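**Student:** Below is the file work32.json, which contains JSON, C-alpha atoms.
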```json
[["chain", "number", "residue", "atom", "x", "y", "z"],
["A", 268, "MET", "CA", -30.77, 32.05, -8.41],
["A", 269, "ALA", "CA", -33.84, 30.28, -9.82],
["A", 270, "ARG", "CA", -36.95, 30.48, -7.68],
["A", 271, "ARG", "CA", -37.96, 27.12, -6.23],
["A", 272, "GLN", "CA", -41.33, 25.59, -6.98],
["A", 273, "GLU", "CA", -43.52, 23.09, -5.19],
["A", 274, "VAL", "CA", -43.97, 19.60, -6.60],
["A", 275, "LEU", "CA", -45.97, 16.63, -5.38],
["A", 276, "LEU", "CA", -43.96, 13.42, -5.28],
["A", 277, "THR", "CA", -45.74, 10.47, -6.83],
["A", 278, "HIS", "CA", -42.92, 8.08, -5.89],
["A", 279, "ASP", "CA", -40.26, 7.96, -3.21],
["A", 280, "VAL", "CA", -37.16, 9.92, -4.17],
["A", 281, "LEU", "CA", -34.03, 9.15, -2.17],
["A", 282, "LYS", "CA", -32.87, 12.09, -0.02],
["A", 283, "LEU", "CA", -35.78, 14.22, -1.27],
["A", 284, "GLY", "CA", -39.03, 12.77, 0.08],
["A", 285, "ASN", "CA", -41.62, 10.02, 0.02],
["A", 286, "MET", "CA", -44.71, 9.51, -2.09],
["A", 287, "GLY", "CA", -47.35, 12.15, -1.22],
["A", 288, "ASP", "CA", -44.83, 14.72, 0.05],
["A", 289, "ILE", "CA", -44.87, 18.25, -1.28],
["A", 290, "VAL", "CA", -41.32, 19.49, -1.65],
["A", 291, "ARG", "CA", -39.67, 22.59, -3.07],
["A", 292, "VAL", "CA", -37.15, 22.08, -5.88],
["A", 293, "THR", "CA", -35.53, 24.14, -8.61],
["A", 294, "PRO", "CA", -37.48, 24.36, -11.87],
["A", 295, "GLY", "CA", -34.61, 22.74, -13.78],
["A", 296, "TYR", "CA", -34.48, 19.72, -11.44],
["A", 297, "ALA", "CA", -38.23, 19.24, -11.78],
["A", 298, "ARG", "CA", -38.28, 19.76, -15.55],
["A", 299, "ASN", "CA", -35.21, 17.65, -16.37],
["A", 300, "TYR", "CA", -35.44, 14.82, -13.86],
["A", 301, "LEU", "CA", -38.61, 14.53, -11.76],
["A", 302, "TYR", "CA", -41.21, 15.07, -14.47],
["A", 303, "PRO", "CA", -39.60, 12.94, -17.24],
["A", 304, "HIS", "CA", -39.25, 9.99, -14.82],
["A", 305, "ALA", "CA", -42.83, 10.40, -13.51],
["A", 306, "LEU", "CA", -41.53, 10.93, -9.99],
["A", 307, "ALA", "CA", -43.52, 14.11, -9.34],
["A", 308, "ILE", "CA", -46.22, 16.41, -10.67],
["A", 309, "PRO", "CA", -46.69, 20.15, -10.20],
["A", 310, "ALA", "CA", -48.30, 20.85, -6.84],
["A", 311, "SER", "CA", -51.45, 22.50, -8.22],
["A", 312, "GLN", "CA", -54.71, 22.65, -6.29],
["A", 313, "ALA", "CA", -56.05, 19.69, -8.24],
["A", 314, "ALA", "CA", -52.93, 17.69, -7.49],
["A", 315, "LYS", "CA", -53.07, 18.55, -3.81],
["A", 316, "ARG", "CA", -56.46, 16.88, -3.57],
["A", 317, "GLN", "CA", -54.66, 13.59, -4.34],
["A", 318, "ILE", "CA", -52.39, 13.92, -1.34],
["A", 319, "ASP", "CA", -54.44, 11.73, 0.97],
["A", 320, "VAL", "CA", -54.63, 8.95, -1.60],
["A", 321, "LEU", "CA", -50.92, 9.16, -2.33],
["A", 322, "ARG", "CA", -49.96, 9.20, 1.33],
["A", 323, "SER", "CA", -52.08, 6.14, 1.99],
["A", 324, "LYS", "CA", -50.26, 4.32, -0.79],
["A", 325, "ALA", "CA", -46.94, 5.63, 0.50],
["A", 326, "ALA", "CA", -47.57, 4.27, 4.00],
["A", 327, "LYS", "CA", -48.34, 0.83, 2.62],
["A", 328, "SER", "CA", -45.32, 0.91, 0.32],
["A", 329, "GLU", "CA", -43.11, 2.04, 3.20],
["A", 330, "VAL", "CA", -43.98, -1.02, 5.26],
["A", 331, "GLU", "CA", -43.20, -3.29, 2.32],
["A", 332, "ARG", "CA", -39.87, -1.61, 1.61],
["A", 333, "GLU", "CA", -38.79, -1.81, 5.23],
["A", 334, "ALA", "CA", -39.65, -5.52, 5.31],
["A", 335, "ARG", "CA", -37.61, -6.14, 2.13],
["A", 336, "ALA", "CA", -34.71, -4.16, 3.55],
["A", 337, "GLY", "CA", -34.78, -6.29, 6.72],
["A", 338, "VAL", "CA", -34.57, -9.50, 4.69],
["A", 339, "LEU", "CA", -31.76, -8.09, 2.56],
["A", 340, "LYS", "CA", -29.83, -7.03, 5.65],
["A", 341, "LYS", "CA", -29.81, -10.62, 6.96],
["A", 342, "SER", "CA", -28.34, -11.86, 3.69],
["A", 343, "MET", "CA", -25.67, -9.14, 3.65],
["A", 344, "GLN", "CA", -24.46, -9.42, 7.24],
["A", 345, "GLY", "CA", -20.81, -10.47, 7.32],
["A", 346, "MET", "CA", -20.57, -9.98, 3.56],
["A", 347, "SER", "CA", -17.19, -9.26, 1.95],
["A", 348, "ILE", "CA", -16.61, -8.04, -1.60],
["A", 349, "GLN", "CA", -13.30, -7.78, -3.43],
["A", 350, "ILE", "CA", -12.35, -4.95, -5.77],
["A", 351, "PRO", "CA", -9.04, -5.06, -7.73],
["A", 352, "GLY", "CA", -7.05, -1.90, -8.35],
["A", 353, "ARG", "CA", -3.74, -0.90, -9.95],
["A", 354, "VAL", "CA", -1.05, -0.28, -7.33],
["A", 355, "ALA", "CA", 1.51, 2.48, -7.83],
["A", 356, "HIS", "CA", 3.88, 2.11, -4.84],
["A", 357, "ASP", "CA", 3.70, 1.47, -1.08],
["A", 358, "ASN", "CA", 0.21, -0.02, -1.52],
["A", 359, "GLU", "CA", -1.08, 3.29, -2.94],
["A", 360, "LEU", "CA", -3.48, 3.03, -5.87],
["A", 361, "PHE", "CA", -3.51, 4.66, -9.26],
["A", 362, "GLY", "CA", -6.73, 6.63, -8.86],
["A", 363, "SER", "CA", -9.22, 5.53, -6.19],
["A", 364, "ILE", "CA", -12.20, 3.30, -5.37],
["A", 365, "GLY", "CA", -15.55, 5.07, -5.04],
["A", 366, "THR", "CA", -19.23, 4.33, -4.46],
["A", 367, "ARG", "CA", -19.87, 3.26, -8.06],
["A", 368, "ASP", "CA", -17.12, 0.63, -7.83],
["A", 369, "ILE", "CA", -18.76, -0.75, -4.69],
["A", 370, "VAL", "CA", -22.19, -0.75, -6.37],
["A", 371, "ALA", "CA", -20.75, -2.64, -9.36],
["A", 372, "ALA", "CA", -19.09, -5.22, -7.08],
["A", 373, "LEU", "CA", -22.37, -5.74, -5.20],
["A", 374, "ALA", "CA", -24.22, -6.17, -8.48],
["A", 375, "LYS", "CA", -21.87, -9.04, -9.39],
["A", 376, "SER", "CA", -23.01, -10.71, -6.17],
["A", 377, "GLY", "CA", -26.66, -10.24, -7.13],
["A", 378, "ILE", "CA", -27.41, -7.24, -4.87],
["A", 379, "GLU", "CA", -28.74, -4.08, -6.47],
["A", 380, "VAL", "CA", -28.32, -0.82, -4.54],
["A", 381, "ASP", "CA", -28.29, 2.84, -5.45],
["A", 382, "PRO", "CA", -24.97, 4.72, -5.21],
["A", 383, "LYS", "CA", -26.67, 7.11, -2.76],
["A", 384, "GLN", "CA", -27.21, 4.17, -0.41],
["A", 385, "VAL", "CA", -23.46, 3.63, -0.08],
["A", 386, "HIS", "CA", -22.15, 5.72, 2.81],
["A", 387, "LEU", "CA", -18.46, 6.23, 1.99],
["A", 388, "ASN", "CA", -16.85, 9.15, 3.81],
["A", 389, "ASP", "CA", -13.90, 9.36, 1.43],
["A", 390, "LYS", "CA", -12.66, 7.50, -1.61],
["A", 391, "ILE", "CA", -10.36, 4.53, -0.99],
["A", 392, "LYS", "CA", -6.82, 5.25, -2.22],
["A", 393, "LYS", "CA", -4.84, 2.21, -1.06],
["A", 394, "ILE", "CA", -5.21, -1.54, -0.79],
["A", 395, "GLY", "CA", -6.61, -3.01, 2.40],
["A", 396, "ARG", "CA", -9.84, -3.93, 4.17],
["A", 397, "PHE", "CA", -12.48, -1.28, 4.84],
["A", 398, "GLN", "CA", -15.89, -1.28, 6.55],
["A", 399, "VAL", "CA", -18.57, 0.47, 4.49],
["A", 400, "GLU", "CA", -22.18, 1.07, 5.49],
["A", 401, "ILE", "CA", -24.99, 0.36, 3.04],
["A", 402, "ARG", "CA", -28.19, 2.22, 3.96],
["A", 403, "LEU", "CA", -30.89, -0.17, 2.73],
["A", 404, "HIS", "CA", -33.69, 1.85, 4.29],
["A", 405, "LYS", "CA", -33.86, 5.01, 6.35],
["A", 406, "ASN", "CA", -34.23, 2.80, 9.44],
["A", 407, "ILE", "CA", -32.02, -0.11, 8.33],
["A", 408, "GLY", "CA", -28.33, -0.18, 7.52],
["A", 409, "VAL", "CA", -25.70, -2.91, 7.22],
["A", 410, "GLU", "CA", -21.91, -2.87, 7.17],
["A", 411, "ILE", "CA", -19.95, -4.89, 4.64],
["A", 412, "SER", "CA", -16.23, -5.49, 4.26],
["A", 413, "VAL", "CA", -14.60, -4.11, 1.12],
["A", 414, "GLU", "CA", -11.25, -5.68, 0.21],
["A", 415, "VAL", "CA", -9.20, -3.62, -2.23],
["A", 416, "VAL", "CA", -6.50, -5.88, -3.71],
["A", 417, "ASN", "CA", -3.70, -5.54, -6.24],
["A", 418, "SER", "CA", -4.95, -6.30, -9.75],
["A", 419, "ASP", "CA", -1.53, -7.70, -10.74],
["A", 420, "PRO", "CA", -1.89, -11.52, -10.79],
["A", 421, "ASN", "CA", 1.77, -11.89, -9.76],
["A", 422, "ALA", "CA", 1.41, -9.60, -6.75],
["A", 423, "PRO", "CA", 1.51, -11.07, -3.21],
["A", 424, "ALA", "CA", -1.73, -11.82, -1.39],
["A", 425, "LEU", "CA", -3.44, -8.99, 0.50],
["A", 426, "ASP", "CA", -2.38, -10.25, 3.94],
["A", 427, "GLU", "CA", 1.26, -10.54, 2.83],
["A", 428, "ALA", "CA", 1.24, -7.04, 1.30],
["A", 429, "LEU", "CA", -0.27, -5.51, 4.44],
["A", 430, "ALA", "CA", 2.19, -7.37, 6.70],
["A", 431, "ALA", "CA", 5.14, -6.20, 4.61],
["A", 432, "ALA", "CA", 3.92, -2.61, 4.82],
["A", 433, "THR", "CA", 3.71, -2.71, 8.64],
["A", 434, "THR", "CA", 7.07, -4.50, 9.23],
["A", 435, "PRO", "CA", 9.76, -1.91, 10.13],
["A", 436, "ALA", "CA", 12.96, -1.94, 8.09],
["A", 437, "ALA", "CA", 16.17, -3.16, 9.83],
["A", 438, "PRO", "CA", 18.16, -0.18, 11.18],
["A", 439, "ALA", "CA", 21.29, 0.59, 9.18],
["A", 440, "ALA", "CA", 23.05, 2.23, 12.18],
["A", 441, "GLY", "CA", 23.81, -1.12, 13.83],
["A", 442, "ALA", "CA", 25.47, -2.47, 10.70],
["A", 443, "ALA", "CA", 27.56, 0.69, 10.33],
["A", 444, "ALA", "CA", 28.64, 0.54, 14.00],
["A", 445, "GLY", "CA", 29.67, -3.10, 13.60],
["A", 446, "ALA", "CA", 31.68, -2.31, 10.49],
["A", 447, "ALA", "CA", 33.65, 0.52, 12.18],
["A", 448, "PRO", "CA", 35.89, -1.65, 14.47],
["A", 449, "ALA", "CA", 36.61, -4.05, 11.59],
["A", 450, "ALA", "CA", 37.68, -1.13, 9.40],
["A", 451, "ALA", "CA", 39.90, 0.25, 12.20],
["A", 452, "ALA", "CA", 41.60, -3.13, 12.78],
["A", 453, "LYS", "CA", 42.46, -3.52, 9.11],
["A", 454, "PRO", "CA", 45.96, -2.15, 8.40],
["A", 455, "ALA", "CA", 46.24, 0.67, 5.96],
["A", 456, "PRO", "CA", 47.88, -0.14, 2.62],
["A", 457, "GLY", "CA", 51.67, 0.30, 2.74],
["A", 458, "SER", "CA", 51.81, 0.71, 6.53],
["A", 459, "GLY", "CA", 52.97, -2.85, 7.20],
["A", 460, "GLY", "CA", 50.44, -3.05, 10.01],
["A", 461, "LYS", "CA", 52.90, -1.91, 12.71],
["A", 462, "LYS", "CA", 51.66, 1.59, 13.46],
["A", 463, "VAL", "CA", 48.05, 0.55, 13.30],
["A", 464, "GLU", "CA", 48.71, -2.24, 15.78],
["A", 465, "VAL", "CA", 50.31, 0.20, 18.25],
["A", 466, "LYS", "CA", 47.33, 2.54, 18.05],
["A", 467, "ILE", "CA", 44.84, -0.29, 18.69],
["A", 468, "LYS", "CA", 46.78, -1.47, 21.72],
["A", 469, "ASN", "CA", 46.85, 2.03, 23.12],
["A", 470, "LEU", "CA", 43.15, 2.69, 22.70],
["A", 471, "GLY", "CA", 42.36, 1.28, 26.12],
["A", 472, "GLY", "CA", 44.92, 3.45, 27.96],
["A", 473, "GLY", "CA", 43.99, 6.66, 26.22],
["A", 474, "LYS", "CA", 47.69, 7.47, 25.32],
["A", 475, "SER", "CA", 49.10, 7.99, 21.88],
["A", 476, "ALA", "CA", 52.28, 6.37, 20.56],
["A", 477, "SER", "CA", 54.20, 9.66, 20.88],
["A", 478, "GLU", "CA", 53.28, 9.97, 24.56],
["A", 479, "ILE", "CA", 54.45, 6.42, 25.26],
["A", 480, "GLN", "CA", 57.75, 7.05, 23.47],
["A", 481, "ALA", "CA", 58.26, 10.21, 25.58],
["A", 482, "GLU", "CA", 57.71, 8.25, 28.79],
["A", 483, "LYS", "CA", 60.24, 5.61, 27.70],
["A", 484, "ALA", "CA", 62.80, 8.35, 27.04],
["A", 485, "ASP", "CA", 62.24, 9.83, 30.53],
["A", 486, "LYS", "CA", 62.69, 6.42, 32.19],
["A", 487, "LYS", "CA", 65.90, 5.82, 30.21],
["A", 488, "SER", "CA", 67.41, 9.15, 31.23],
["A", 489, "ALA", "CA", 66.51, 8.52, 34.88],
["A", 490, "ALA", "CA", 68.28, 5.13, 34.81],
["A", 491, "GLU", "CA", 71.60, 6.52, 33.49],
["A", 492, "PRO", "CA", 74.23, 7.75, 36.13],
["A", 493, "ALA", "CA", 74.46, 11.49, 36.68],
["A", 494, "PRO", "CA", 77.45, 13.13, 34.93],
["A", 495, "ALA", "CA", 80.53, 14.01, 37.12],
["A", 496, "LYS", "CA", 81.03, 17.61, 38.21],
["A", 497, "SER", "CA", 83.37, 19.50, 35.91],
["A", 498, "ALA", "CA", 85.92, 20.59, 38.60],
["A", 499, "ALA", "CA", 86.17, 21.02, 42.35],
["A", 500, "LYS", "CA", 86.57, 24.48, 43.74],
["A", 501, "GLY", "CA", 90.23, 25.30, 44.65],
["A", 502, "PRO", "CA", 91.51, 26.63, 48.04],
["A", 503, "ASN", "CA", 91.11, 30.28, 48.86],
["A", 504, "THR", "CA", 94.54, 31.76, 48.06],
["A", 505, "GLY", "CA", 93.67, 35.09, 49.30],
["A", 506, "GLY", "CA", 94.01, 34.02, 52.94],
["A", 507, "PRO", "CA", 91.96, 35.30, 55.73],
["A", 508, "GLY", "CA", 91.18, 38.90, 55.62],
["A", 509, "LYS", "CA", 92.79, 41.36, 58.01],
["A", 510, "LYS", "CA", 90.82, 42.70, 60.88]]
```
What is this file in structure tokens?
**Tutor:**
Amino acid sequence: MARRQEVLLTHDVLKLGNMGDIVRVTPGYARNYLYPHALAIPASQAAKRQIDVLRSKAAKSEVEREARAGVLKKSMQGMSIQIPGRVAHDNELFGSIGTRDIVAALAKSGIEVDPKQVHLNDKIKKIGRFQVEIRLHKNIGVEISVEVVNSDPNAPALDEALAAATTPAAPAAGAAAGAAPAAAAKPAPGSGGKKVEVKIKNLGGGKSASEIQAEKADKKSAAEPAPAKSAAKGPNTGGPGKK
């Protein structure tokens, strides 16, 4: 790992430090970014003698920046920006909406911010309304509403799409239950409708057609007269036995 080196910031660098601060950074970050953009100088002894001057300038600049951020916050309060996106299905997007998309949408409204000032916890992956904080200053932030809409001009409005997504679908079980009695009442092809009708009538009593026919047979046999005895017993021809 490269050894860090001390640099003296000559301008404010977001999330690194303010003018006049001595910070430790990697040599590559200093060589490739800070030095070419005149944001810092090596923290040599000669440079360190400029610290008091730089910090005095930084304090004055800090007050001015905070005042500008306060004015900008008032103009952004209640602000809403709209970002179109391609919808795949169920309001899900192809890809996502990130901080740079929000920065570009703000720029169209005449507001310039750095992507690092947009506090977005996670990328937006579906249409809807989202609250996003813009950190205008370390002491000042403002929330704006970001509306992600379908880019298709023929698509329904955002409110309609969100309402359709939250409306539950009609249950199919009720329709199936309603169709069952109608299907049972309909006679089967070739049956003439007679046997089906008997079964429907007997549903309430819990007896099948065969059971009812058996009961009718029992009642019929009970109503008929009992058959005559085959023959009466004859007299005892043997006579009384001898004592």
**Student:** At a cut-off of 10 Å around the point (-22.6, 0.7, 7.8) (file coordinates), what residues fall inside when counting all atoms listed in the file? I'd like the answer as a VMD selection string.
**Tutor:** chain A and resid 385 to 387 398 to 403 407 to 412
**Student:** Could you dump the residues just selected with C-alpha atoms as a short mmCIF file (atom, residue, chain, number, x, y, z; two decimals), in the coordinates of the input?
**Tutor:**
```cif
data_model
loop_
_atom_site.label_atom_id
_atom_site.label_comp_id
_atom_site.auth_asym_id
_atom_site.auth_seq_id
_atom_site.Cartn_x
_atom_site.Cartn_y
_atom_site.Cartn_z
CA VAL A 385 -23.46 3.63 -0.08
CA HIS A 386 -22.15 5.72 2.81
CA LEU A 387 -18.46 6.23 1.99
CA GLN A 398 -15.89 -1.28 6.55
CA VAL A 399 -18.57 0.47 4.49
CA GLU A 400 -22.18 1.07 5.49
CA ILE A 401 -24.99 0.36 3.04
CA ARG A 402 -28.19 2.22 3.96
CA LEU A 403 -30.89 -0.17 2.73
CA ILE A 407 -32.02 -0.11 8.33
CA GLY A 408 -28.33 -0.18 7.52
CA VAL A 409 -25.70 -2.91 7.22
CA GLU A 410 -21.91 -2.87 7.17
CA ILE A 411 -19.95 -4.89 4.64
CA SER A 412 -16.23 -5.49 4.26
#
```
**Student:** Separation of CA of Lys390 in chain A and CA of Gly337 in chain A, in Å?
**Tutor:**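 Interatomic distance, CA of Lys390 in chain A to CA of Gly337 in chain A: 27.4 Å.
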**Student:** Please list, as a list in words, the residues that have an atom at most 9 Å away from (-27.0, 8.4, -5.5) in the coordinates of this file, counting all atoms listed in the file.
**Tutor:**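 Residues found, by chain and rising number: Leu281, Lys282, Thr366, Asp381, Pro382, Lys383, Gln384 and Val385 of chain A.
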**Student:** CA of Leu373 in chain A and CA of Ala336 in chain A are how many Å apart?
**Tutor:**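 CA of Ala336 in chain A lies 15.2 Å from CA of Leu373 in chain A.
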**Student:** Between CA of Leu321 in chain A and CA of His278 in chain A, what is the spacing in Å?
**Tutor:**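 Distance reported for this atom pair: 8.8 Å.
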**Student:** Give me, as a PyMOL selection string, all polymer residues having an atom no more than 8 Å from range 356-360 of chain A, counting all atoms listed in the file and skipping those fewer than 2 positions away in the same chain.
**Tutor:** chain A and resi 352-354+362-363+392-394+428+432
**Student:** Could you name the residues that touch range 298-310 of chain A at 10 Å or less, counting only C-alpha atoms, but leaving out those on the same chain fewer than 5 positions away, as a list in words?
**Tutor:**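 Contacts, with the query itself left out: Gln272, Glu273, Val274, Leu275, Leu276, Thr277, His278, Asp279, Val280, Met286, Gly287, Asp288, Ile289, Val290, Arg291, Val292, Thr293, Lys315, Arg316, Gln317 and Ile318 of chain A.
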**Student:** Which residue is closest to Ile391 in chain A? Choose from A:Pro420, A:Pro294, A:Gly345, A:Gly365 and count all atoms listed in the file.
**Tutor:** A:Gly365
**Student:** For Met346 in chain A, which of A:Asn388, A:Ser376, A:Ser323, A:Ser328 is the closest residue, counting all atoms listed in the file?
**Tutor:**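 Distance minimum relative to Met346 in chain A lands on A:Ser376.
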**Student:** Using all atoms listed in the file, which residues sit within 7 Å of Arg396 in chain A once same-chain residues fewer than 2 positions away are excluded, as an NGL selection string?
**Tutor:** :A and (412-415)
**Student:** Store the residues picked out above, limited to C-alpha atoms, as a compact mmCIF listing (two decimals), in the frame of the given file.
**Tutor:**
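The result, stored in selection19.txt:
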```
# COMPACT_ATOMS: atom_id res chain seq x y z
CA SER A 412 -16.23 -5.49 4.26
CA VAL A 413 -14.60 -4.11 1.12
CA GLU A 414 -11.25 -5.68 0.21
CA VAL A 415 -9.20 -3.62 -2.23
```
**Student:** Could you rebuild range 411-424 of chain A with N, CA and C atoms and give me the result as a PDB file, in the coordinates of the input?
**Tutor:**
```pdb
ATOM      1  N   ILE A 411     -20.610  -3.817   5.385  1.00  0.00           N
ATOM      2  CA  ILE A 411     -19.950  -4.890   4.640  1.00  0.00           C
ATOM      3  C   ILE A 411     -18.451  -4.602   4.626  1.00  0.00           C
ATOM      4  N   SER A 412     -17.677  -5.637   4.358  1.00  0.00           N
ATOM      5  CA  SER A 412     -16.230  -5.490   4.260  1.00  0.00           C
ATOM      6  C   SER A 412     -15.840  -5.367   2.790  1.00  0.00           C
ATOM      7  N   VAL A 413     -15.082  -4.330   2.481  1.00  0.00           N
ATOM      8  CA  VAL A 413     -14.600  -4.110   1.120  1.00  0.00           C
ATOM      9  C   VAL A 413     -13.096  -4.365   1.105  1.00  0.00           C
ATOM     10  N   GLU A 414     -12.677  -5.359   0.335  1.00  0.00           N
ATOM     11  CA  GLU A 414     -11.250  -5.680   0.210  1.00  0.00           C
ATOM     12  C   GLU A 414     -10.744  -5.126  -1.123  1.00  0.00           C
ATOM     13  N   VAL A 415      -9.834  -4.180  -1.034  1.00  0.00           N
ATOM     14  CA  VAL A 415      -9.200  -3.620  -2.230  1.00  0.00           C
ATOM     15  C   VAL A 415      -7.861  -4.316  -2.392  1.00  0.00           C
ATOM     16  N   VAL A 416      -7.696  -5.054  -3.493  1.00  0.00           N
ATOM     17  CA  VAL A 416      -6.500  -5.880  -3.710  1.00  0.00           C
ATOM     18  C   VAL A 416      -5.770  -5.408  -4.954  1.00  0.00           C
ATOM     19  N   ASN A 417      -4.522  -5.859  -5.073  1.00  0.00           N
ATOM     20  CA  ASN A 417      -3.700  -5.540  -6.240  1.00  0.00           C
ATOM     21  C   ASN A 417      -4.211  -6.338  -7.450  1.00  0.00           C
ATOM     22  N   SER A 418      -4.430  -5.629  -8.548  1.00  0.00           N
ATOM     23  CA  SER A 418      -4.950  -6.300  -9.750  1.00  0.00           C
ATOM     24  C   SER A 418      -3.884  -7.117 -10.476  1.00  0.00           C
ATOM     25  N   ASP A 419      -2.617  -6.939 -10.110  1.00  0.00           N
ATOM     26  CA  ASP A 419      -1.530  -7.700 -10.740  1.00  0.00           C
ATOM     27  C   ASP A 419      -1.617  -9.152 -10.281  1.00  0.00           C
ATOM     28  N   PRO A 420      -1.768 -10.119 -11.200  1.00  0.00           N
ATOM     29  CA  PRO A 420      -1.890 -11.520 -10.790  1.00  0.00           C
ATOM     30  C   PRO A 420      -0.634 -12.068 -10.121  1.00  0.00           C
ATOM     31  N   ASN A 421       0.519 -11.434 -10.362  1.00  0.00           N
ATOM     32  CA  ASN A 421       1.770 -11.890  -9.760  1.00  0.00           C
ATOM     33  C   ASN A 421       2.069 -11.201  -8.427  1.00  0.00           C
ATOM     34  N   ALA A 422       1.192 -10.319  -7.995  1.00  0.00           N
ATOM     35  CA  ALA A 422       1.410  -9.600  -6.750  1.00  0.00           C
ATOM     36  C   ALA A 422       1.147 -10.520  -5.555  1.00  0.00           C
ATOM     37  N   PRO A 423       1.769 -10.254  -4.398  1.00  0.00           N
ATOM     38  CA  PRO A 423       1.510 -11.070  -3.210  1.00  0.00           C
ATOM     39  C   PRO A 423       0.071 -10.915  -2.739  1.00  0.00           C
ATOM     40  N   ALA A 424      -0.377 -11.871  -1.930  1.00  0.00           N
ATOM     41  CA  ALA A 424      -1.730 -11.820  -1.390  1.00  0.00           C
ATOM     42  C   ALA A 424      -1.901 -10.587  -0.514  1.00  0.00           C
TER      43      ALA A 424
END
```
